[in-house]
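Colleague: Quick one, target-v1.cif (mmCIF, C-alpha atoms):
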```cif
data_target
loop_
_atom_site.label_atom_id
_atom_site.label_comp_id
_atom_site.auth_asym_id
_atom_site.auth_seq_id
_atom_site.Cartn_x
_atom_site.Cartn_y
_atom_site.Cartn_z
CA MET A 45 -123.11 128.36 32.51
CA PRO A 46 -123.07 130.52 35.67
CA GLU A 47 -120.01 130.33 37.88
CA ILE A 48 -120.44 128.61 41.26
CA ILE A 49 -118.39 129.92 44.18
CA SER A 50 -118.05 127.96 47.43
CA ILE A 51 -117.54 129.86 50.69
CA LYS A 52 -117.44 127.84 53.96
CA GLY A 53 -120.76 125.99 53.67
CA LEU A 54 -122.28 128.38 51.14
CA GLU A 55 -122.55 127.94 47.40
CA LEU A 56 -123.28 130.98 45.27
CA ARG A 57 -124.39 130.77 41.66
CA PHE A 58 -124.44 134.20 40.03
CA LEU A 59 -127.38 134.54 37.64
CA HIS A 60 -127.03 138.20 36.71
CA SER A 61 -124.50 140.78 37.74
CA LYS A 62 -124.34 144.53 37.59
CA ALA A 63 -122.43 144.17 34.32
CA ASP A 64 -125.35 142.22 32.77
CA THR A 65 -128.05 144.58 34.04
CA TRP A 66 -126.46 148.00 33.49
CA GLY A 67 -125.99 148.37 37.24
CA SER A 68 -129.66 147.80 38.09
CA LEU A 69 -129.23 144.55 40.07
CA ASP A 70 -127.13 141.59 41.12
CA MET A 71 -128.99 138.27 41.35
CA PHE A 72 -127.59 135.04 42.69
CA GLU A 73 -128.83 131.74 44.03
CA MET A 74 -127.35 130.78 47.38
CA VAL A 75 -127.33 127.30 48.90
CA VAL A 76 -126.64 127.28 52.64
CA GLN A 77 -125.53 123.90 53.96
CA PRO A 78 -126.76 122.62 57.34
CA HIS A 79 -125.09 124.42 60.27
CA ALA A 80 -123.54 127.02 57.95
CA ARG A 81 -123.81 130.74 58.49
CA MET A 82 -122.84 134.09 57.01
CA PRO A 83 -119.20 134.63 58.05
CA VAL A 84 -119.61 138.29 59.14
CA ALA A 85 -122.73 140.30 60.03
CA HIS A 86 -122.88 143.51 57.98
CA TYR A 87 -124.96 146.23 56.44
CA HIS A 88 -124.82 148.16 53.19
CA GLU A 89 -125.47 151.85 52.83
CA SER A 90 -126.26 152.11 49.13
CA TRP A 91 -128.47 149.15 48.20
CA ASP A 92 -131.42 147.08 49.34
CA GLU A 93 -131.53 143.28 49.47
CA THR A 94 -134.49 141.01 48.81
CA VAL A 95 -134.26 137.30 49.60
CA TYR A 96 -136.71 134.68 48.27
CA GLY A 97 -136.93 131.26 49.95
CA LEU A 98 -136.69 128.45 47.38
CA GLU A 99 -135.91 125.29 49.42
CA GLY A 100 -135.49 124.45 53.10
CA GLU A 101 -135.48 126.98 55.93
CA MET A 102 -133.02 129.61 57.12
CA THR A 103 -132.95 132.08 59.99
CA PHE A 104 -131.99 135.70 59.41
CA ARG A 105 -130.76 137.80 62.27
CA ILE A 106 -131.84 141.36 61.55
CA GLY A 107 -130.81 143.94 64.11
CA ASP A 108 -132.12 142.74 67.45
CA GLY A 109 -134.52 140.13 66.07
CA GLU A 110 -134.68 136.89 64.14
CA VAL A 111 -136.86 136.08 61.14
CA GLY A 112 -137.35 132.68 59.53
CA LEU A 113 -137.33 132.28 55.75
CA SER A 114 -139.10 129.28 54.25
CA VAL A 115 -140.09 128.18 50.77
CA GLY A 116 -142.22 130.82 49.04
CA GLU A 117 -141.47 133.55 51.56
CA THR A 118 -139.76 136.86 50.86
CA LEU A 119 -137.55 138.92 53.13
CA PHE A 120 -136.74 142.56 52.37
CA ILE A 121 -133.58 143.96 54.00
CA PRO A 122 -133.37 147.73 53.52
CA ARG A 123 -130.04 149.51 53.27
CA GLY A 124 -128.49 150.34 56.63
CA THR A 125 -129.93 147.24 58.35
CA VAL A 126 -127.42 145.00 60.17
CA HIS A 127 -128.04 141.37 59.21
CA ALA A 128 -126.67 137.85 59.02
CA PHE A 129 -128.13 134.39 58.38
CA ARG A 130 -127.71 130.77 59.36
CA ASN A 131 -129.12 127.34 58.58
CA ASP A 132 -129.73 125.36 61.77
CA GLY A 133 -131.69 122.65 59.96
CA PRO A 134 -130.62 119.18 58.85
CA VAL A 135 -130.94 119.90 55.09
CA PRO A 136 -129.55 122.58 52.77
CA ALA A 137 -131.57 125.75 52.30
CA THR A 138 -131.68 127.60 49.00
CA CYS A 139 -132.64 131.21 48.39
CA LEU A 140 -132.56 133.73 45.58
CA VAL A 141 -130.87 137.02 46.51
CA VAL A 142 -131.45 140.26 44.60
CA LEU A 143 -129.38 143.38 45.33
CA THR A 144 -130.82 146.64 44.02
CA PRO A 145 -129.03 148.47 42.55
CA GLY A 146 -126.36 146.03 41.47
CA VAL A 147 -123.14 146.99 43.15
CA LEU A 148 -121.18 143.89 44.16
CA GLY A 149 -120.61 141.76 41.12
CA ILE A 150 -118.99 138.35 41.31
CA ASP A 151 -115.48 139.60 42.14
CA TYR A 152 -116.45 140.29 45.76
CA PHE A 153 -117.44 136.66 46.29
CA ARG A 154 -114.28 135.41 44.58
CA GLU A 155 -112.14 137.47 46.97
CA VAL A 156 -114.05 136.35 50.06
CA ALA A 157 -113.86 132.70 48.98
CA ALA A 158 -110.09 132.95 48.50
CA LEU A 159 -109.61 134.57 51.92
CA LEU A 160 -111.88 132.13 53.78
CA ALA A 161 -110.22 129.10 52.16
CA SER A 162 -107.45 129.55 54.74
CA ASP A 163 -107.75 127.67 58.04
CA THR A 164 -107.04 130.93 59.86
CA PRO A 165 -108.44 133.78 57.76
CA ASP A 166 -107.40 137.31 58.67
CA LEU A 167 -110.61 138.99 59.86
CA ALA A 168 -109.10 142.45 59.42
CA GLN A 169 -108.49 141.60 55.77
CA MET A 170 -112.08 140.32 55.52
CA GLY A 171 -113.30 143.67 56.81
CA ALA A 172 -111.12 145.50 54.29
CA ILE A 173 -112.53 143.45 51.40
CA MET A 174 -116.08 144.09 52.61
CA ARG A 175 -115.57 147.85 52.93
CA ARG A 176 -113.96 148.06 49.49
CA TYR A 177 -117.20 146.68 48.00
CA GLY A 178 -119.54 148.85 50.07
CA LEU A 179 -120.38 146.44 52.90
CA VAL A 180 -119.84 147.50 56.49
CA PRO A 181 -118.92 144.77 59.01
CA ALA A 182 -121.05 145.23 62.10
CA PRO A 183 -121.80 143.41 65.35
CA LEU A 184 -125.34 142.22 65.85
CA ASN A 185 -127.05 143.82 68.83
#
```
Can the structure from this file be put into structure tokens for me?
Modeller:
Amino acid sequence: MPEIISIKGLELRFLHSKADTWGSLDMFEMVVQPHARMPVAHYHESWDETVYGLEGEMTFRIGDGEVGLSVGETLFIPRGTVHAFRNDGPVPATCLVVLTPGVLGIDYFREVAALLASDTPDLAQMGAIMRRYGLVPAPLN
């Protein structure tokens, strides 16, 4: 059974990791609770991200703009694109996330969950974890 990791209003269920796919992809299902959001906007230099809407609706902030993601829709986020997401709706939203090539693995999410479990997480430490796994914390324009 896939491991479920909870991170401040997010639940991640890893379906395949780079170890399972010889580095070709990471795939996980993400449930975003109402009024939850990605903790830190970021970009990645070495992989692309594709997000498929499965249930509910979410809003992605990509660079200077916002894009909605609903059931049956797909959002492609190319490497180097600053992005974040949120769920402003009254119900959870679920999406399938595919990272190509697979570079993160489940350990990144375990570390972030442990750090954010604190009432006052150290944002500098969050940035260090992100950079170690190839993510670059970035302000949204």
Colleague: Please determine, counting only C-alpha atoms, which residue among A:Gly53, A:Gly146, A:Pro83, A:Pro78 has the shortest atom-to-atom distance to Leu167 of chain A.
Modeller: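 Closest to Leu167 of chain A of all the choices is A:Pro83.
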Colleague: What does the structure give for the distance between atom CA of Val76 of chain A and atom CA of Thr138 of chain A, in Å to one decimal?
Modeller: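 Going from atom CA of Val76 of chain A over to atom CA of Thr138 of chain A covers 6.2 Å.
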Colleague: On this structure, the PyMOL selection byres ((chain A and resi 70) around 12) would catch which residues? List them as a PyMOL selection string, sorted by chain and number.
Modeller: chain A and resi 57-69+71-73+91-95+140-152
Colleague: Just the number, please: distance in Å from atom CA of Val84 of chain A to atom CA of Gly171 of chain A, one decimal.
Modeller: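 Separating atom CA of Val84 of chain A from atom CA of Gly171 of chain A is a distance of 8.6 Å.
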Colleague: A:Pro46, A:Gly124, A:Gly97, A:Gly107: which is nearest Leu184 of chain A, counting all atoms listed in the file?
Modeller: A:Gly107
Colleague: Please determine, counting only C-alpha atoms, which residue among A:Gly178, A:Met74, A:Ile173, A:Ala168 has the shortest atom-to-atom distance to Val156 of chain A.
Modeller: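 Closest candidate: A:Ile173.
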